[in-house]
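Undergrad: Got a file for you: protein07.tsv, TSV, C-alpha atoms.
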```tsv
chain	number	residue	atom	x	y	z
A	1152	MET	CA	46.05	14.44	-16.25
A	1153	GLY	CA	44.15	11.15	-16.63
A	1154	ALA	CA	41.47	10.88	-19.30
A	1155	ASP	CA	38.67	10.48	-16.73
A	1156	GLN	CA	39.65	13.39	-14.48
A	1157	THR	CA	37.62	16.57	-14.83
A	1158	ILE	CA	39.42	19.93	-14.76
A	1159	GLY	CA	38.92	21.67	-11.44
A	1160	GLN	CA	37.78	18.48	-9.63
A	1161	PRO	CA	39.91	16.33	-7.31
A	1162	ALA	CA	40.84	12.92	-8.57
A	1163	ALA	CA	38.54	10.12	-7.38
A	1164	PRO	CA	40.04	7.92	-4.66
A	1165	MET	CA	41.49	4.66	-5.90
A	1166	ALA	CA	39.31	1.62	-5.20
A	1167	ASN	CA	40.64	-0.69	-2.54
A	1168	PRO	CA	41.86	-3.87	-4.28
A	1169	ASP	CA	40.51	-5.87	-1.34
A	1170	ASP	CA	37.00	-4.52	-2.06
A	1171	ARG	CA	37.16	-5.83	-5.62
A	1172	ALA	CA	38.37	-9.20	-4.39
A	1173	ALA	CA	35.49	-9.36	-1.95
A	1174	LEU	CA	33.01	-8.67	-4.77
A	1175	ALA	CA	34.44	-11.52	-6.81
A	1176	SER	CA	34.01	-13.99	-3.95
A	1177	ARG	CA	30.67	-12.87	-2.53
A	1178	VAL	CA	27.74	-15.28	-2.18
A	1179	LEU	CA	24.32	-13.93	-3.18
A	1180	PRO	CA	21.23	-14.69	-1.10
A	1181	THR	CA	18.55	-16.51	-3.13
A	1182	MET	CA	14.78	-16.57	-2.96
A	1183	THR	CA	12.80	-19.64	-2.00
A	1184	LEU	CA	9.57	-20.09	-3.94
A	1185	SER	CA	6.50	-21.93	-2.73
A	1186	THR	CA	5.40	-25.37	-3.93
A	1187	ALA	CA	2.11	-26.76	-5.17
A	1188	GLU	CA	1.79	-28.83	-1.98
A	1189	SER	CA	2.22	-25.95	0.47
A	1190	PRO	CA	-0.93	-25.40	2.56
A	1191	LEU	CA	-0.08	-21.69	2.56
A	1192	THR	CA	-0.43	-21.32	-1.21
A	1193	ARG	CA	-2.35	-24.30	-2.62
A	1194	PRO	CA	-6.01	-23.87	-3.67
A	1195	LEU	CA	-8.55	-23.69	-0.88
A	1196	GLU	CA	-11.00	-26.50	-0.36
A	1197	PRO	CA	-14.44	-25.85	-1.92
A	1198	THR	CA	-16.78	-23.88	0.30
A	1199	SER	CA	-19.28	-25.92	2.29
A	1200	ALA	CA	-22.07	-23.46	1.48
A	1201	SER	CA	-25.20	-25.18	0.22
A	1202	SER	CA	-26.87	-22.37	-1.72
A	1203	PRO	CA	-25.68	-20.13	-4.57
A	1204	SER	CA	-26.28	-16.99	-2.50
A	1205	GLU	CA	-24.22	-18.36	0.40
A	1206	ARG	CA	-21.41	-19.38	-1.94
A	1207	ALA	CA	-21.43	-15.89	-3.43
A	1208	LEU	CA	-21.08	-14.37	0.02
A	1209	ASN	CA	-18.30	-16.77	0.98
A	1210	ARG	CA	-16.38	-16.06	-2.21
A	1211	PHE	CA	-15.61	-12.49	-1.16
A	1212	GLN	CA	-15.47	-13.02	2.57
A	1213	VAL	CA	-12.71	-11.18	4.43
A	1214	GLU	CA	-11.31	-13.11	7.39
A	1215	GLY	CA	-9.22	-12.08	10.36
A	1216	ASN	CA	-7.71	-8.84	11.61
A	1217	ALA	CA	-6.63	-5.87	9.53
A	1218	VAL	CA	-4.27	-2.94	9.99
A	1219	ILE	CA	-4.96	0.16	7.91
A	1220	THR	CA	-2.29	2.84	7.79
A	1221	GLY	CA	-3.32	6.38	7.00
A	1222	GLY	CA	-6.49	5.14	8.65
A	1223	SER	CA	-8.06	8.55	9.19
A	1224	GLY	CA	-8.07	9.40	5.47
A	1225	THR	CA	-11.10	9.28	3.18
A	1226	LEU	CA	-9.99	6.33	1.05
A	1227	ALA	CA	-8.80	4.39	4.09
A	1228	TYR	CA	-12.10	4.96	5.89
A	1229	ALA	CA	-14.12	3.70	2.91
A	1230	ALA	CA	-11.85	0.66	2.63
A	1231	THR	CA	-12.17	-0.07	6.34
A	1232	ARG	CA	-15.95	-0.03	6.20
A	1233	ALA	CA	-15.89	-2.39	3.23
A	1234	LEU	CA	-13.52	-4.82	4.95
A	1235	VAL	CA	-15.75	-4.89	8.02
A	1236	GLU	CA	-18.89	-5.35	5.93
A	1237	HIS	CA	-17.29	-8.39	4.30
A	1238	GLY	CA	-16.39	-10.07	7.57
A	1239	CYS	CA	-13.19	-8.56	8.97
A	1240	SER	CA	-13.43	-9.18	12.73
A	1241	GLN	CA	-11.07	-6.49	14.05
A	1242	VAL	CA	-9.37	-3.42	12.59
A	1243	THR	CA	-6.57	-1.23	13.85
A	1244	LEU	CA	-6.42	2.22	12.27
A	1245	MET	CA	-2.95	3.76	12.31
A	1246	ASP	CA	-2.07	7.38	11.64
A	1247	LEU	CA	-0.29	10.39	13.04
A	1248	GLN	CA	-1.83	11.72	16.25
A	1249	PRO	CA	-3.17	15.01	14.76
A	1250	SER	CA	-4.88	13.08	11.96
A	1251	ILE	CA	-6.42	10.65	14.43
A	1252	GLU	CA	-7.74	13.52	16.52
A	1253	SER	CA	-9.43	15.07	13.49
A	1254	ALA	CA	-11.08	11.77	12.55
A	1255	LYS	CA	-12.57	10.83	15.93
A	1256	GLU	CA	-16.11	11.28	14.65
A	1257	LYS	CA	-15.52	8.85	11.76
A	1258	MET	CA	-14.05	6.27	14.09
A	1259	ALA	CA	-16.95	6.62	16.51
A	1260	GLU	CA	-19.29	6.11	13.55
A	1261	LEU	CA	-17.55	2.82	12.74
A	1262	GLU	CA	-18.07	1.60	16.28
A	1263	ARG	CA	-21.75	2.61	16.23
A	1264	ASP	CA	-22.44	0.99	12.87
A	1265	PHE	CA	-20.54	-2.21	13.66
A	1266	PRO	CA	-20.95	-2.89	17.39
A	1267	ASP	CA	-19.72	-6.49	17.02
A	1268	VAL	CA	-16.44	-5.43	15.44
A	1269	LYS	CA	-13.57	-4.18	17.55
A	1270	VAL	CA	-12.05	-0.94	16.23
A	1271	HIS	CA	-8.66	0.03	17.63
A	1272	VAL	CA	-6.56	3.14	17.08
A	1273	VAL	CA	-2.76	3.25	17.28
A	1274	THR	CA	-0.57	6.26	16.49
A	1275	VAL	CA	2.34	5.72	14.12
A	1276	ASP	CA	4.91	7.53	12.04
A	1277	VAL	CA	5.40	5.15	9.11
A	1278	THR	CA	8.84	6.57	8.35
A	1279	ASP	CA	10.24	5.63	11.76
A	1280	GLN	CA	11.07	1.91	11.87
A	1281	GLU	CA	11.23	1.63	15.66
A	1282	VAL	CA	7.94	3.49	16.11
A	1283	ALA	CA	6.29	1.37	13.40
A	1284	GLU	CA	7.53	-1.87	14.93
A	1285	ALA	CA	6.12	-0.85	18.31
A	1286	ALA	CA	2.80	0.14	16.74
A	1287	PHE	CA	2.43	-3.16	14.89
A	1288	GLN	CA	3.42	-5.11	17.99
A	1289	LYS	CA	0.69	-3.31	19.90
A	1290	ALA	CA	-1.83	-4.02	17.13
A	1291	ALA	CA	-0.88	-7.70	17.09
A	1292	GLU	CA	-1.28	-7.93	20.84
A	1293	ILE	CA	-4.67	-6.23	21.07
A	1294	MET	CA	-6.13	-8.08	18.07
A	1295	GLY	CA	-4.41	-11.41	18.61
A	1296	GLY	CA	-2.56	-11.25	15.29
A	1297	ILE	CA	-2.37	-9.44	11.94
A	1298	ASP	CA	-3.85	-11.05	8.82
A	1299	ILE	CA	-4.30	-8.06	6.51
A	1300	LEU	CA	-2.38	-4.83	5.95
A	1301	CYS	CA	-3.71	-2.02	3.78
A	1302	CYS	CA	-1.26	0.85	3.34
A	1303	PHE	CA	-2.98	4.18	2.66
A	1304	ALA	CA	-0.51	6.50	4.41
A	1305	GLY	CA	0.89	8.97	1.90
A	1306	ILE	CA	1.48	12.59	0.99
A	1307	VAL	CA	1.34	14.59	-2.23
A	1308	GLY	CA	3.97	17.10	-3.31
A	1309	CYS	CA	3.07	19.33	-6.25
A	1310	VAL	CA	6.10	21.49	-6.97
A	1311	HIS	CA	8.18	22.45	-9.98
A	1312	SER	CA	11.20	20.16	-10.05
A	1313	ILE	CA	13.58	23.02	-10.78
A	1314	SER	CA	12.69	24.65	-7.46
A	1315	SER	CA	12.15	21.54	-5.34
A	1316	THR	CA	14.57	21.02	-2.47
A	1317	ALA	CA	16.22	17.73	-1.64
A	1318	LYS	CA	14.40	17.84	1.71
A	1319	GLU	CA	11.01	18.09	-0.02
A	1320	TRP	CA	11.97	15.24	-2.37
A	1321	ARG	CA	13.12	12.98	0.45
A	1322	LYS	CA	10.01	13.59	2.53
A	1323	VAL	CA	7.67	12.40	-0.24
A	1324	ILE	CA	9.82	9.35	-1.01
A	1325	ASP	CA	10.24	8.60	2.70
A	1326	VAL	CA	6.50	8.59	3.48
A	1327	ASN	CA	5.13	7.03	0.32
A	1328	LEU	CA	7.79	4.44	-0.52
A	1329	THR	CA	10.03	3.84	2.48
A	1330	GLY	CA	7.05	4.04	4.83
A	1331	SER	CA	5.21	1.43	2.78
A	1332	PHE	CA	8.22	-0.89	2.94
A	1333	ILE	CA	8.67	-0.44	6.70
A	1334	CYS	CA	5.01	-1.25	7.40
A	1335	ALA	CA	4.96	-4.22	5.01
A	1336	GLN	CA	8.14	-5.69	6.43
A	1337	THR	CA	6.91	-5.28	10.00
A	1338	ALA	CA	3.50	-6.80	9.25
A	1339	ALA	CA	5.11	-9.65	7.29
A	1340	LYS	CA	7.21	-10.64	10.30
A	1341	HIS	CA	4.02	-11.11	12.33
A	1342	MET	CA	2.36	-13.03	9.48
A	1343	ILE	CA	5.35	-15.33	9.10
A	1344	ALA	CA	5.46	-15.99	12.85
A	1345	SER	CA	1.76	-16.94	12.79
A	1346	LYS	CA	2.38	-19.50	10.02
A	1347	LYS	CA	-0.99	-18.49	8.53
A	1348	GLY	CA	0.16	-16.13	5.78
A	1349	GLY	CA	-1.73	-12.96	5.01
A	1350	SER	CA	-2.47	-10.18	2.56
A	1351	ILE	CA	-0.64	-6.88	2.07
A	1352	MET	CA	-2.06	-4.16	-0.15
A	1353	PHE	CA	-0.24	-0.97	-1.08
A	1354	THR	CA	-1.74	2.16	-2.57
A	1355	ALA	CA	0.09	3.27	-5.69
A	1356	SER	CA	-1.52	5.63	-8.24
A	1357	ILE	CA	-2.01	6.28	-11.93
A	1358	SER	CA	0.92	8.63	-11.26
A	1359	ALA	CA	3.04	5.46	-11.39
A	1360	HIS	CA	1.98	4.93	-15.00
A	1361	HIS	CA	2.23	8.32	-16.66
A	1362	VAL	CA	3.26	11.93	-16.11
A	1363	ASN	CA	0.39	13.84	-14.54
A	1364	TYR	CA	-0.96	16.93	-16.28
A	1365	PRO	CA	-1.06	19.81	-15.63
A	1366	GLN	CA	0.50	19.68	-12.14
A	1367	PRO	CA	4.23	18.92	-11.71
A	1368	GLN	CA	4.88	16.27	-9.05
A	1369	ALA	CA	7.97	14.28	-9.93
A	1370	ALA	CA	8.75	13.05	-6.41
A	1371	TYR	CA	5.22	11.74	-5.91
A	1372	ASN	CA	5.19	9.99	-9.27
A	1373	VAL	CA	8.57	8.37	-8.64
A	1374	SER	CA	7.48	7.24	-5.17
A	1375	LYS	CA	4.39	5.57	-6.61
A	1376	ILE	CA	6.16	3.70	-9.38
A	1377	GLY	CA	8.52	2.54	-6.65
A	1378	VAL	CA	5.51	1.17	-4.78
A	1379	THR	CA	4.38	-0.84	-7.81
A	1380	HIS	CA	7.78	-2.47	-8.22
A	1381	LEU	CA	8.10	-3.01	-4.48
A	1382	THR	CA	4.82	-4.91	-4.77
A	1383	ARG	CA	6.25	-7.32	-7.33
A	1384	ASN	CA	9.49	-7.84	-5.42
A	1385	LEU	CA	7.82	-8.61	-2.09
A	1386	ALA	CA	5.22	-10.83	-3.77
A	1387	ALA	CA	8.04	-12.93	-5.22
A	1388	GLU	CA	9.97	-13.13	-1.95
A	1389	TRP	CA	7.09	-13.73	0.45
A	1390	ALA	CA	4.82	-16.12	-1.45
A	1391	VAL	CA	6.62	-19.01	0.25
A	1392	HIS	CA	5.22	-17.69	3.53
A	1393	GLY	CA	1.69	-17.50	2.16
A	1394	ILE	CA	1.77	-13.71	2.00
A	1395	ARG	CA	0.13	-12.14	-1.04
A	1396	VAL	CA	1.33	-8.63	-1.91
A	1397	ASN	CA	-0.66	-6.43	-4.28
A	1398	CYS	CA	-1.43	-2.78	-4.86
A	1399	ILE	CA	-4.13	-0.59	-6.32
A	1400	SER	CA	-3.53	2.43	-8.52
A	1401	PRO	CA	-6.45	4.83	-8.14
A	1402	GLY	CA	-7.07	7.59	-10.63
A	1403	TYR	CA	-8.20	11.05	-9.55
A	1404	MET	CA	-10.65	10.45	-6.73
A	1405	ASP	CA	-13.34	12.86	-5.56
A	1406	THR	CA	-11.95	13.56	-2.09
A	1407	VAL	CA	-11.28	16.71	-0.08
A	1408	LEU	CA	-7.70	16.69	-1.40
A	1409	ASN	CA	-9.03	17.31	-4.92
A	1410	ASP	CA	-11.84	19.68	-3.98
A	1411	GLY	CA	-12.32	23.46	-3.82
A	1412	ASP	CA	-12.94	26.31	-6.24
A	1413	ASN	CA	-9.22	26.81	-6.84
A	1414	LEU	CA	-9.00	23.32	-8.33
A	1415	LYS	CA	-12.09	23.56	-10.53
A	1416	GLU	CA	-10.14	24.22	-13.74
A	1417	VAL	CA	-7.66	21.44	-12.99
A	1418	ARG	CA	-10.47	19.02	-12.12
A	1419	ASN	CA	-12.04	19.74	-15.52
A	1420	ILE	CA	-8.72	18.91	-17.20
A	1421	TRP	CA	-8.46	15.64	-15.30
A	1422	ALA	CA	-12.02	14.66	-16.18
A	1423	SER	CA	-11.56	15.61	-19.84
A	1424	ARG	CA	-8.68	13.11	-20.09
A	1425	CYS	CA	-10.72	10.23	-18.64
A	1426	PRO	CA	-12.91	8.09	-20.96
A	1427	MET	CA	-15.61	8.03	-18.27
A	1428	GLY	CA	-15.47	11.82	-18.11
A	1429	ARG	CA	-15.36	12.19	-14.34
A	1430	MET	CA	-13.47	11.78	-11.10
A	1431	GLY	CA	-13.68	8.50	-9.23
A	1432	ASP	CA	-16.11	8.04	-6.35
A	1433	VAL	CA	-14.46	6.93	-3.11
A	1434	GLU	CA	-16.69	3.85	-2.92
A	1435	GLU	CA	-15.26	2.66	-6.24
A	1436	ILE	CA	-11.97	1.57	-4.67
A	1437	THR	CA	-13.68	-0.69	-2.14
A	1438	GLY	CA	-14.36	-3.59	-4.53
A	1439	PRO	CA	-10.68	-3.97	-5.44
A	1440	VAL	CA	-9.68	-3.69	-1.77
A	1441	VAL	CA	-12.08	-6.48	-0.80
A	1442	LEU	CA	-10.96	-8.65	-3.73
A	1443	LEU	CA	-7.28	-8.37	-2.86
A	1444	SER	CA	-7.88	-8.81	0.89
A	1445	SER	CA	-10.17	-11.82	0.55
A	1446	LYS	CA	-8.41	-15.12	1.15
A	1447	ARG	CA	-10.68	-16.92	-1.31
A	1448	ALA	CA	-11.44	-14.32	-3.99
A	1449	GLY	CA	-7.83	-13.16	-4.18
A	1450	ARG	CA	-6.18	-16.53	-3.60
A	1451	TYR	CA	-4.18	-16.63	-6.84
A	1452	ILE	CA	-3.59	-12.88	-7.13
A	1453	THR	CA	-0.20	-11.58	-6.02
A	1454	GLY	CA	2.32	-9.13	-7.43
A	1455	THR	CA	-0.53	-7.31	-9.18
A	1456	ASP	CA	-1.17	-3.59	-9.58
A	1457	LEU	CA	-4.90	-3.08	-10.09
A	1458	ILE	CA	-5.62	0.20	-11.88
A	1459	VAL	CA	-8.89	1.86	-10.83
A	1460	ASP	CA	-9.09	4.96	-13.00
A	1461	GLY	CA	-12.17	5.06	-15.23
A	1462	GLY	CA	-9.96	4.23	-18.21
A	1463	ALA	CA	-7.61	7.20	-17.89
A	1464	MET	CA	-4.58	5.03	-18.67
A	1465	CYS	CA	-6.09	4.04	-22.00
A	1466	PHE	CA	-4.46	7.17	-23.39
```
Would you mind giving the structure from this file in structure tokens?
TA:
Amino acid sequence: MGADQTIGQPAAPMANPDDRAALASRVLPTMTLSTAESPLTRPLEPTSASSPSERALNRFQVEGNAVITGGSGTLAYAATRALVEHGCSQVTLMDLQPSIESAKEKMAELERDFPDVKVHVVTVDVTDQEVAEAAFQKAAEIMGGIDILCCFAGIVGCVHSISSTAKEWRKVIDVNLTGSFICAQTAAKHMIASKKGGSIMFTASISAHHVNYPQPQAAYNVSKIGVTHLTRNLAAEWAVHGIRVNCISPGYMDTVLNDGDNLKEVRNIWASRCPMGRMGDVEEITGPVVLLSSKRAGRYITGTDLIVDGGAMCF
């Protein structure tokens, strides 16, 4: 018996010598970085605004058309309103059909409050590449292009790891991480074709930075740290196309997902571990979203994970 063979297990198949030879002669693809002269990444010309107040407004202006995945959710809705308030001309909200149906009132409210802004709705399953590509193609056609992508689609899975099934694990990873990649890749193709660049923002979490307590949620935490490193990788690869890729990592936010009498004790634990002593208000993620989506304010910000947590990660 060979030293590496385990009793009761079949011997591993021998590697094909041709496979090893192919590895030795392979050619790796290489990244292309941008240059200081590229109009897609060089500093913008100074604003033509004549007054301090006008310059202040221009600094955080959001230009162009945005796609927001998970668009019917609370955080996504707050972010959408903020983008529109700062100048976004059109938005396409993407989500699963049942979620869109339940959020019709919110979407009608957007249209009432911003009659000059076109609000579109497109159904999507972010884990299905063909469906996502069709959804983004539709969004690009109805808006005339895609300049901004904000990924809010995601699910939470709180389960003891010892009893979690592989199916449960894969679902969380598939939606939160693979779904983010599929949407970013699809949006980036449209941005590259436009030759105008763009901004992509993922939603990670403080769960990417520490082990949550007291709830067990290994798959969720792993998916979110994957999102933060995906951010850095895509930022490095796509800067040459003028595409900035960033993410935000919210702390515990005061949404319906974290509400209810059954969660009161857990909410108190979360708040007790935060220097500011409370959950985050939904509106408190909108500033970072605007910053990262703004062509001028966020011009030199890419590959960044912006933690919005009231100081919870200080400990």
Undergrad: Applying 12 Å and all atoms listed in the file, which residues near Thr1181 (chain A) remain after dropping the ones on its own chain fewer than 2 positions away? List them as an NGL selection string.
TA: :A and (1178-1179 or 1183-1184 or 1387-1388)
Undergrad: In terms of the shortest atom-to-atom distance over only C-alpha atoms, which of A:Met1258, A:Val1307, A:Ala1217, A:Met1464 is closest to Asn1409 (chain A)?
TA: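 With only C-alpha atoms as the atom set, the closest residue is A:Val1307.
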Undergrad: Using only C-alpha atoms, which residues sit within 12 Å of Arg1383 (chain A) once same-chain residues fewer than 5 positions away are excluded, as a list in words?
TA: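 In the requested format, the answer is Ile1351, Met1352, Phe1353, Ile1376, Gly1377, Val1378, Glu1388, Trp1389, Ala1390, Arg1395, Val1396, Asn1397, Cys1398, Ile1452, Thr1453, Gly1454, Thr1455 and Asp1456 of chain A.
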Undergrad: Considering all atoms listed in the file, state which residue in the set A:Tyr1228, A:Tyr1451, A:Phe1211, A:Phe1466 is at the smallest distance from His1361 (chain A).
TA: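 Of all the options, A:Phe1466 lies closest to His1361 (chain A).
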Undergrad: Can you list, as a count of residues only, every protein, DNA or RNA residue that comes within 10 Å of region 1271-1278 of chain A when you count all atoms listed in the file, leaving out same-chain residues fewer than 3 positions away?
TA: 47
Undergrad: Which residue gives the smallest distance to Ile1299 (chain A) among A:Lys1375, A:Arg1321, A:Lys1347, A:Arg1193, with all atoms listed in the file counted?
TA: A:Lys1347
Undergrad: Compute the distance from (3.1, 7.6, -9.9) to each atom, counting all atoms listed in the file, keep the residues with any atom at most 7 Å away, and return them as JSON, numbers by chain; use the coordinates of the file.
TA: {"A": [1355, 1356, 1357, 1358, 1359, 1360, 1361, 1371, 1372, 1373, 1374, 1375, 1376]}
Undergrad: Would you put the residues from that selection into a file with C-alpha atoms, as a short mmCIF file (atom, residue, chain, number, x, y, z; two decimals), keeping the file's coordinate frame?
TA:
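Generated file (again22.cif):
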```cif
data_model
loop_
_atom_site.label_atom_id
_atom_site.label_comp_id
_atom_site.auth_asym_id
_atom_site.auth_seq_id
_atom_site.Cartn_x
_atom_site.Cartn_y
_atom_site.Cartn_z
CA ALA A 1355 0.09 3.27 -5.69
CA SER A 1356 -1.52 5.63 -8.24
CA ILE A 1357 -2.01 6.28 -11.93
CA SER A 1358 0.92 8.63 -11.26
CA ALA A 1359 3.04 5.46 -11.39
CA HIS A 1360 1.98 4.93 -15.00
CA HIS A 1361 2.23 8.32 -16.66
CA TYR A 1371 5.22 11.74 -5.91
CA ASN A 1372 5.19 9.99 -9.27
CA VAL A 1373 8.57 8.37 -8.64
CA SER A 1374 7.48 7.24 -5.17
CA LYS A 1375 4.39 5.57 -6.61
CA ILE A 1376 6.16 3.70 -9.38
#
```
Undergrad: Looking at A:Val1441, A:Val1362, A:Ile1297, A:Val1270, which one is nearest to Thr1337 (chain A), with distances taken over all atoms listed in the file?
TA: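 Looking at the shortest contact to Thr1337 (chain A), the residue is A:Ile1297.
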Undergrad: Distance CA of Ala1229 (chain A)-CA of Ile1436 (chain A), one decimal place?
TA: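 A separation of 8.2 Å between them.
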Undergrad: For Arg1429 (chain A), please output as a PyMOL selection string all residues within 10 Å (counting all atoms listed in the file; exclusion window: fewer than 6 positions along the same chain).
TA: chain A and resi 1403-1405+1418-1423+1460-1461+1463
Undergrad: Using all atoms listed in the file for the distances, tell me which of A:Ala1173, A:Val1310, A:Ala1187, A:Val1433 is nearest to Val1391 (chain A).
TA: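 Nearest to Val1391 (chain A): A:Ala1187.
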